[in-house]
>>> print(open('query_9.txt').read())   # compact mmCIF, C-alpha atoms and all ligand atoms
# COMPACT_ATOMS: atom_id res chain seq x y z
CA MET I 59 -4.31 -16.20 8.32
CA ARG I 60 -3.15 -13.40 6.06
CA ARG I 61 -4.74 -13.17 2.62
CA LYS I 62 -2.50 -11.72 -0.02
CA LEU I 63 -3.45 -8.22 -1.19
CA VAL I 64 -2.50 -6.45 -4.42
CA VAL I 65 -3.03 -2.69 -4.56
CA GLY I 66 -2.68 -0.63 -7.73
CA ASN I 67 -1.56 2.95 -7.23
CA TRP I 68 -2.57 4.82 -10.36
CA LYS I 69 -0.88 8.01 -9.11
CA MET I 70 -1.75 11.05 -11.28
CA ASN I 71 -2.73 9.05 -14.34
CA GLY I 72 -5.99 8.33 -16.09
CA SER I 73 -8.86 9.80 -18.05
CA ILE I 74 -12.53 8.87 -18.12
CA ALA I 75 -12.01 6.85 -21.30
CA LYS I 76 -8.74 5.16 -20.28
CA ASN I 77 -10.00 4.30 -16.79
CA LYS I 78 -12.99 2.44 -18.17
CA ALA I 79 -10.94 0.27 -20.49
CA LEU I 80 -8.32 -0.40 -17.79
CA LEU I 81 -10.79 -1.21 -15.04
CA ASP I 82 -13.08 -3.33 -17.22
CA ASN I 83 -10.09 -5.48 -18.14
CA VAL I 84 -8.83 -5.69 -14.55
CA ILE I 85 -12.29 -6.64 -13.27
CA SER I 86 -12.77 -9.34 -15.87
CA GLY I 87 -9.19 -10.57 -15.36
CA VAL I 88 -9.53 -11.11 -11.61
CA GLN I 89 -13.19 -12.10 -11.42
CA HIS I 90 -12.38 -15.80 -11.09
CA LEU I 91 -9.55 -15.28 -8.60
CA ARG I 92 -10.88 -15.95 -5.13
CA ASP I 93 -7.97 -16.32 -2.77
CA SER I 94 -6.48 -12.81 -2.60
CA ASP I 95 -7.78 -9.25 -2.37
CA TYR I 96 -7.45 -6.61 -5.12
CA VAL I 97 -7.64 -2.84 -4.84
CA VAL I 98 -7.10 0.20 -7.06
CA CYS I 99 -6.20 3.57 -5.54
CA VAL I 100 -7.17 6.26 -8.00
CA PRO I 101 -7.10 10.06 -8.32
CA TYR I 102 -9.96 11.81 -6.44
CA PRO I 103 -11.84 12.99 -9.57
CA TYR I 104 -12.26 9.42 -10.74
CA LEU I 105 -13.62 7.93 -7.52
CA ALA I 106 -17.25 8.19 -8.67
CA GLN I 107 -16.45 6.53 -12.00
CA VAL I 108 -14.47 3.75 -10.34
CA GLN I 109 -17.24 3.25 -7.78
CA SER I 110 -19.82 2.77 -10.50
CA LEU I 111 -17.58 0.41 -12.51
CA ALA I 112 -16.19 -1.68 -9.65
CA GLN I 113 -19.09 -2.07 -7.25
CA GLY I 114 -20.30 -5.65 -7.18
CA SER I 115 -16.92 -6.90 -8.40
CA ASN I 116 -14.06 -8.34 -6.34
CA VAL I 117 -12.00 -5.17 -6.91
CA ALA I 118 -12.16 -2.64 -4.07
CA TRP I 119 -11.02 0.95 -4.47
CA GLY I 120 -9.51 3.77 -2.53
CA ALA I 121 -7.67 7.08 -2.69
CA GLN I 122 -4.02 8.04 -2.57
CA ASN I 123 -4.15 10.54 0.27
CA LEU I 124 -6.60 12.20 2.65
CA CYS I 125 -6.76 15.15 5.01
CA ALA I 126 -6.46 14.56 8.74
CA ASN I 127 -9.42 16.87 9.43
CA GLU I 128 -13.16 16.66 8.85
CA ASN I 129 -15.13 19.70 7.67
CA ALA I 130 -12.67 22.56 7.95
CA ALA I 131 -11.63 25.67 6.04
CA LEU I 132 -8.96 23.78 4.11
CA THR I 133 -9.08 24.69 0.45
CA GLY I 134 -8.41 21.73 -1.81
CA ALA I 135 -8.43 19.13 0.95
CA VAL I 136 -10.46 15.90 1.00
CA SER I 137 -11.68 14.42 4.27
CA PRO I 138 -12.13 10.79 5.34
CA HIS I 139 -15.94 10.89 5.17
CA MET I 140 -15.79 12.19 1.58
CA LEU I 141 -13.83 9.08 0.62
CA VAL I 142 -16.31 6.89 2.45
CA ASP I 143 -19.13 8.65 0.54
CA TYR I 144 -17.56 7.31 -2.65
CA GLY I 145 -17.33 3.77 -1.32
CA CYS I 146 -13.58 3.81 -0.64
CA SER I 147 -12.32 1.10 1.67
CA TYR I 148 -8.61 1.97 1.49
CA VAL I 149 -6.39 5.05 1.40
CA ILE I 150 -2.64 5.27 0.88
CA VAL I 151 -0.91 7.25 3.64
CA GLY I 152 2.66 8.50 3.76
CA HIS I 153 3.70 7.46 0.24
CA SER I 154 7.33 8.41 -0.40
CA GLU I 155 6.31 10.76 -3.20
CA ARG I 156 4.19 12.70 -0.72
CA ARG I 157 6.90 12.56 1.93
CA MET I 158 9.40 13.97 -0.59
CA GLN I 159 7.32 16.30 -2.73
CA SER I 160 4.57 17.47 -0.38
CA HIS I 161 6.51 17.87 2.86
CA GLU I 162 4.79 14.91 4.50
CA THR I 163 6.52 14.13 7.81
CA ASP I 164 6.21 11.26 10.27
CA ASP I 165 3.83 13.47 12.27
CA THR I 166 1.55 14.47 9.40
CA ALA I 167 1.49 10.91 8.05
CA ALA I 168 0.59 9.64 11.53
CA ALA I 169 -2.24 12.19 11.79
CA ARG I 170 -3.64 11.05 8.43
CA PHE I 171 -3.28 7.42 9.50
CA ASN I 172 -5.32 8.15 12.62
CA ALA I 173 -7.97 10.04 10.64
CA ALA I 174 -8.27 7.20 8.16
CA VAL I 175 -8.82 4.55 10.83
CA SER I 176 -11.20 6.79 12.78
CA GLY I 177 -13.13 7.46 9.58
CA GLY I 178 -13.61 3.77 8.83
CA LEU I 179 -10.97 3.47 6.11
CA THR I 180 -8.05 1.05 5.98
CA PRO I 181 -4.84 3.04 5.64
CA ILE I 182 -2.04 1.57 3.54
CA PHE I 183 0.83 3.06 5.51
CA CYS I 184 4.05 3.39 3.50
CA MET I 185 7.57 3.21 4.90
CA GLY I 186 10.96 2.98 3.25
CA GLU I 187 14.50 4.17 3.16
CA SER I 188 16.41 6.11 0.50
CA LYS I 189 19.39 4.74 -1.40
CA GLU I 190 21.79 6.79 0.72
CA GLU I 191 20.15 5.57 3.92
CA ARG I 192 20.45 1.93 2.81
CA GLU I 193 24.06 2.43 1.81
CA SER I 194 24.74 3.90 5.28
CA ASP I 195 23.08 0.87 6.89
CA TRP I 196 20.23 3.01 8.23
CA THR I 197 17.37 0.97 6.77
CA GLU I 198 16.16 -0.40 10.10
CA TYR I 199 16.59 2.93 11.83
CA VAL I 200 14.48 4.76 9.19
CA VAL I 201 11.79 2.11 8.77
CA GLY I 202 11.68 1.58 12.55
CA ARG I 203 11.21 5.30 13.11
CA GLN I 204 8.40 5.49 10.54
CA LEU I 205 6.71 2.43 12.02
CA ASP I 206 7.05 3.81 15.55
CA SER I 207 5.35 7.03 14.45
CA ILE I 208 2.11 5.02 14.38
CA LEU I 209 2.90 2.03 16.61
CA ARG I 210 4.14 3.96 19.65
CA ARG I 211 1.62 6.76 19.22
CA PHE I 212 -1.55 4.78 18.58
CA GLY I 213 -0.68 1.26 19.72
CA ALA I 214 -0.78 -2.16 18.08
CA ASP I 215 -4.60 -2.27 18.08
CA MET I 216 -4.64 0.61 15.58
CA VAL I 217 -1.92 -0.98 13.46
CA ALA I 218 -4.13 -4.07 13.31
CA LYS I 219 -6.67 -1.97 11.40
CA ALA I 220 -4.13 -1.01 8.75
CA VAL I 221 -2.09 -2.47 5.94
CA LEU I 222 1.63 -1.68 5.99
CA ALA I 223 3.76 -1.23 2.89
CA TYR I 224 7.53 -1.41 2.69
CA GLU I 225 8.51 0.73 -0.27
CA PRO I 226 12.25 1.40 -0.53
CA LEU I 227 12.64 4.73 -2.31
CA TRP I 228 15.45 3.37 -4.48
CA ALA I 229 13.05 0.77 -5.90
CA VAL I 230 9.93 2.91 -6.41
CA GLY I 231 9.53 4.13 -9.99
CA THR I 232 12.90 2.69 -11.03
CA ASP I 233 13.76 -0.55 -12.74
CA ASN I 234 15.64 -1.63 -9.67
CA PRO I 235 13.31 -3.73 -7.48
CA ALA I 236 14.48 -5.07 -4.14
CA THR I 237 15.37 -8.72 -4.35
CA PRO I 238 12.91 -11.02 -2.57
CA GLU I 239 15.58 -11.60 0.10
CA GLN I 240 16.20 -7.87 0.64
CA ALA I 241 12.46 -7.20 0.94
CA GLN I 242 11.88 -10.22 3.19
CA GLN I 243 14.59 -9.05 5.57
CA VAL I 244 12.88 -5.68 6.11
CA HIS I 245 9.39 -7.21 6.28
CA LYS I 246 10.61 -9.56 8.99
CA PHE I 247 12.15 -6.63 10.83
CA ILE I 248 8.79 -4.80 10.69
CA ARG I 249 6.87 -7.85 11.90
CA ASN I 250 9.32 -8.50 14.73
CA ARG I 251 9.12 -4.90 15.87
CA ILE I 252 5.32 -5.10 16.04
CA ALA I 253 5.64 -8.42 17.89
CA ARG I 254 7.48 -6.64 20.69
CA CYS I 255 4.18 -4.81 21.31
CA ASP I 256 1.65 -7.46 20.30
CA LYS I 257 2.40 -10.90 18.87
CA VAL I 258 -1.11 -11.51 17.55
CA VAL I 259 -1.19 -8.23 15.64
CA ALA I 260 2.29 -8.94 14.24
CA LYS I 261 1.13 -12.33 12.99
CA ASN I 262 -2.02 -10.98 11.35
CA VAL I 263 -1.10 -7.59 9.90
CA ARG I 264 -0.51 -7.53 6.15
CA ILE I 265 2.80 -6.07 4.98
CA LEU I 266 2.99 -5.30 1.25
CA TYR I 267 6.12 -4.77 -0.77
CA GLY I 268 6.21 -1.91 -3.29
CA GLY I 269 8.90 -0.85 -5.75
CA SER I 270 9.10 -1.96 -9.37
CA ILE I 271 6.90 -5.04 -8.99
CA GLN I 272 6.32 -6.62 -12.38
CA PRO I 273 4.81 -9.90 -13.52
CA ALA I 274 8.35 -11.26 -13.82
CA ASN I 275 9.31 -10.72 -10.17
CA ALA I 276 5.93 -10.83 -8.40
CA ALA I 277 5.80 -14.57 -7.70
CA ALA I 278 9.29 -14.67 -6.16
CA LEU I 279 8.44 -11.72 -3.91
CA PHE I 280 5.05 -13.14 -2.89
CA ALA I 281 6.64 -16.50 -2.07
CA MET I 282 8.52 -14.87 0.84
CA PRO I 283 6.99 -15.67 4.24
CA ASP I 284 6.51 -12.08 5.40
CA ILE I 285 5.48 -10.50 2.08
CA ASP I 286 1.69 -10.39 1.93
CA GLY I 287 1.25 -8.84 -1.49
CA GLY I 288 2.23 -5.72 -3.34
CA LEU I 289 1.69 -2.03 -3.86
CA VAL I 290 2.04 -1.61 -7.60
CA GLY I 291 2.65 1.66 -9.42
CA ARG I 292 3.42 1.57 -13.13
CA CYS I 293 2.21 -1.98 -13.76
CA SER I 294 -1.20 -1.07 -12.33
CA LEU I 295 -1.77 1.05 -15.46
CA ASP I 296 -1.48 -2.00 -17.70
CA ALA I 297 -4.41 -4.37 -17.16
CA LYS I 298 -2.59 -7.48 -18.33
CA ALA I 299 0.46 -6.81 -16.16
CA PHE I 300 -1.70 -5.99 -13.13
CA VAL I 301 -3.85 -9.10 -13.55
CA ASP I 302 -0.71 -11.23 -13.93
CA ILE I 303 0.56 -9.81 -10.63
CA CYS I 304 -2.81 -10.58 -9.02
CA ARG I 305 -2.55 -14.14 -10.34
CA ALA I 306 0.92 -14.46 -8.79
CA ALA I 307 -0.59 -13.40 -5.46
CA ASP I 308 -3.31 -15.99 -5.81
CA GLN I 309 -0.69 -18.65 -6.37
CA TYR I 310 0.72 -17.96 -2.88
CA ALA I 311 -2.67 -17.25 -1.45
CA ILE I 312 -2.50 -17.68 2.28
CA ALA I 313 0.32 -17.14 4.73
CA ALA I 314 0.01 -18.79 8.11
C1 LIG I 401 4.57 3.09 -5.95
O1 LIG I 401 4.65 4.24 -6.34
O2 LIG I 401 3.94 2.84 -4.91
C2 LIG I 401 5.27 2.06 -6.70
C3 LIG I 401 5.52 0.93 -6.09
O3 LIG I 401 5.61 2.34 -8.01
P1 LIG I 401 6.31 1.35 -9.06
O4 LIG I 401 5.60 0.04 -8.99
O5 LIG I 401 6.14 2.01 -10.37
O6 LIG I 401 7.75 1.23 -8.65
>>> encode(input="query_9.txt", output="structure tokens")
Amino acid sequence: MRRKLVVGNWKMNGSIAKNKALLDNVISGVQHLRDSDYVVCVPYPYLAQVQSLAQGSNVAWGAQNLCANENAALTGAVSPHMLVDYGCSYVIVGHSERRMQSHETDDTAAARFNAAVSGGLTPIFCMGESKEERESDWTEYVVGRQLDSILRRFGADMVAKAVLAYEPLWAVGTDNPATPEQAQQVHKFIRNRIARCDKVVAKNVRILYGGSIQPANAAALFAMPDIDGGLVGRCSLDAKAFVDICRAADQYAIAA
């Protein structure tokens, strides 16, 4: 059984005052929802604040990146155990913005994925193709390569400890979401590829869709058989929109 999961990615947004108002409204908005899981991934400086506001609620929290090393001379880096110290359960790994802007590669993303699992965190491992790659019919090649960077290297048992996210670059931060059918096609491809290694893991692993999810399109996406929830950027900064997306997930609570 796969419970739906909605993850807010605040990116580099927030302030002490704004976070409190946003999170208070999210927490009260989802407190009576029982059938899905809800997470916010916030900037490092706000982890302590989010921990104190969210603990005891049904909203979990996490970070947006981590270092693959523990305790090293790496100025500015944040290790897995530091995230655990602040009560994080999740961490985003390999987001397209980091792949594009911070020279993240399949290898560095895989190393962070490994560090997250080893450190007791659930990585939310992002994959997705660019517009040019889709137009050249390379979607399965690119997503397959990104998936293999963890699946072939670490095996299906490690993938079972993660959440996967299909985030087509042409849909992230645009007003051009994938259609439910487009997203479903790639989610099914991902699940089938995992099934070649381990059918049980393929059946149980959660695969989120990310890229311009809004209250208006969330239910149609979440109704798809291989879409287990969403990774939400801009709408996670608006409590009402985020709660509406969480409600849509609850509506399609459990996939077989
Ligand atoms: C994201 O950055 O992970 C994302 C999905 O952003 P948005 O929802 O704004 O497209």
>>> atom_distance(input="query_9.txt", atom1="CA of Arg170 in chain I", atom2="CA of Arg249 in chain I")
21.9 Å
>>> residues_near_ligand(input="query_9.txt", ligand="ligand LIG 401 (chain I)", cutoff="10 Å", atoms="all atoms listed in the file", output="PyMOL selection string")
chain I and resi 65-69+122+150+153-155+184+223-235+266-272+288-295
>>> residues_near_point(input="query_9.txt", point="(8.9, -9.2, -0.3)", cutoff="7 Å", atoms="all atoms listed in the file", output="VMD selection string")
chain I and resid 238 241 to 242 245 267 279 to 280 282 284 to 285
>>> closest_residue(input="query_9.txt", among="I:Gly145, I:Gly87, I:Gly72, I:Pro283", to="Cys304 in chain I", atoms="all atoms listed in the file")
I:Gly87
>>> atom_distance(input="query_9.txt", atom1="CA of Ala106 in chain I", atom2="CA of Leu81 in chain I")
13.1 Å
>>> residues_around(input="query_9.txt", residues="Ile85 in chain I", least_positions_apart="2", cutoff="9 Å", atoms="only C-alpha atoms", output="list in words")
Leu80, Leu81, Asp82, Asn83, Gly87, Val88, Gln89, Leu111, Ala112, Ser115, Asn116, Val117 and Val301 of chain I
>>> closest_residue(input="query_9.txt", among="I:Ala277, I:Ala297, I:Val201, I:Ala218", to="Lys261 in chain I", atoms="only C-alpha atoms")
I:Ala218
>>> atom_distance(input="query_9.txt", atom1="CA of Arg92 in chain I", atom2="CA of Ile265 in chain I")
19.7 Å
>>> closest_residue(input="query_9.txt", among="I:Cys146, I:Leu132, I:Ala126, I:Ala173", to="Val98 in chain I", atoms="all atoms listed in the file")
I:Cys146
>>> residues_around(input="query_9.txt", residues="Cys125 in chain I", least_positions_apart="5", cutoff="7 Å", atoms="all atoms listed in the file", output="ChimeraX atom specification")
/I:135-138,170
>>> closest_residue(input="query_9.txt", among="I:His139, I:Lys257, I:Lys189, I:Arg264", to="Lys219 in chain I", atoms="all atoms listed in the file")
I:Arg264
>>> axis_aligned_box(input="query_9.txt", around="range 278-283 of chain I", padding_each_side="3 Å", output="AutoDock Vina command-line options")
--center_x 7.2 --center_y -14.1 --center_z -1.0 --size_x 10.2 --size_y 10.8 --size_z 16.4
>>> decode(input="query_9.txt", residues="range 208-219 of chain I", atoms="all heavy atoms", output="compact mmCIF listing (two decimals), in the first residue's frame")
# COMPACT_ATOMS: atom_id res chain seq x y z
N ILE I 208 21.28 5.49 -9.02
CA ILE I 208 21.10 4.97 -7.64
C ILE I 208 20.72 3.48 -7.65
O ILE I 208 21.19 2.72 -6.83
CB ILE I 208 20.08 5.80 -6.82
CG1 ILE I 208 18.73 5.93 -7.56
CG2 ILE I 208 20.64 7.16 -6.49
CD1 ILE I 208 17.61 6.49 -6.68
N LEU I 209 19.90 3.09 -8.63
CA LEU I 209 19.38 1.70 -8.63
C LEU I 209 20.49 0.69 -8.91
O LEU I 209 20.63 -0.32 -8.22
CB LEU I 209 18.27 1.60 -9.68
CG LEU I 209 17.53 0.28 -9.80
CD1 LEU I 209 16.82 -0.09 -8.50
CD2 LEU I 209 16.49 0.36 -10.94
N ARG I 210 21.30 0.97 -9.93
CA ARG I 210 22.38 0.02 -10.27
C ARG I 210 23.51 0.08 -9.25
O ARG I 210 24.16 -0.91 -8.97
CB ARG I 210 22.94 0.32 -11.65
CG ARG I 210 21.93 0.30 -12.74
CD ARG I 210 21.87 -1.05 -13.44
NE ARG I 210 20.65 -1.10 -14.24
CZ ARG I 210 19.87 -2.16 -14.35
NH1 ARG I 210 20.16 -3.26 -13.72
NH2 ARG I 210 18.79 -2.12 -15.07
N ARG I 211 23.75 1.27 -8.73
CA ARG I 211 24.87 1.44 -7.80
C ARG I 211 24.56 0.88 -6.42
O ARG I 211 25.40 0.23 -5.81
CB ARG I 211 25.17 2.94 -7.67
CG ARG I 211 26.52 3.27 -7.14
CD ARG I 211 26.81 4.74 -7.28
NE ARG I 211 26.63 5.23 -8.65
CZ ARG I 211 27.14 6.34 -9.13
NH1 ARG I 211 27.89 7.10 -8.37
NH2 ARG I 211 26.91 6.71 -10.36
N PHE I 212 23.36 1.15 -5.93
CA PHE I 212 23.07 0.79 -4.53
C PHE I 212 22.05 -0.34 -4.39
O PHE I 212 21.88 -0.88 -3.29
CB PHE I 212 22.55 2.01 -3.76
CG PHE I 212 23.48 3.19 -3.83
CD1 PHE I 212 23.06 4.40 -4.35
CD2 PHE I 212 24.79 3.10 -3.37
CE1 PHE I 212 23.91 5.50 -4.42
CE2 PHE I 212 25.65 4.19 -3.44
CZ PHE I 212 25.21 5.39 -3.96
N GLY I 213 21.34 -0.64 -5.47
CA GLY I 213 20.39 -1.75 -5.44
C GLY I 213 18.98 -1.31 -5.02
O GLY I 213 18.78 -0.23 -4.45
N ALA I 214 18.02 -2.18 -5.30
CA ALA I 214 16.61 -1.86 -5.05
C ALA I 214 16.32 -1.69 -3.55
O ALA I 214 15.45 -0.92 -3.16
CB ALA I 214 15.72 -2.95 -5.64
N ASP I 215 17.07 -2.40 -2.69
CA ASP I 215 16.81 -2.28 -1.25
C ASP I 215 17.03 -0.85 -0.76
O ASP I 215 16.36 -0.39 0.17
CB ASP I 215 17.73 -3.23 -0.46
CG ASP I 215 17.30 -4.68 -0.64
OD1 ASP I 215 16.22 -4.91 -1.22
OD2 ASP I 215 18.05 -5.58 -0.21
N MET I 216 18.00 -0.16 -1.36
CA MET I 216 18.24 1.24 -0.99
C MET I 216 17.15 2.13 -1.55
O MET I 216 16.70 3.08 -0.89
CB MET I 216 19.61 1.70 -1.52
CG MET I 216 20.77 1.24 -0.69
SD MET I 216 21.05 2.32 0.73
CE MET I 216 22.17 3.51 0.01
N VAL I 217 16.73 1.84 -2.78
CA VAL I 217 15.66 2.65 -3.38
C VAL I 217 14.39 2.52 -2.57
O VAL I 217 13.61 3.47 -2.44
CB VAL I 217 15.46 2.23 -4.87
CG1 VAL I 217 14.23 2.91 -5.47
CG2 VAL I 217 16.72 2.57 -5.68
N ALA I 218 14.20 1.36 -1.94
CA ALA I 218 13.02 1.15 -1.10
C ALA I 218 12.99 2.12 0.08
O ALA I 218 11.94 2.39 0.65
CB ALA I 218 13.01 -0.29 -0.59
N LYS I 219 14.17 2.65 0.45
CA LYS I 219 14.23 3.56 1.61
C LYS I 219 14.07 5.02 1.20
O LYS I 219 14.27 5.92 2.00
CB LYS I 219 15.56 3.36 2.33
CG LYS I 219 15.69 1.96 2.91
CD LYS I 219 16.98 1.78 3.65
CE LYS I 219 17.03 0.37 4.23
NZ LYS I 219 18.34 -0.15 4.43
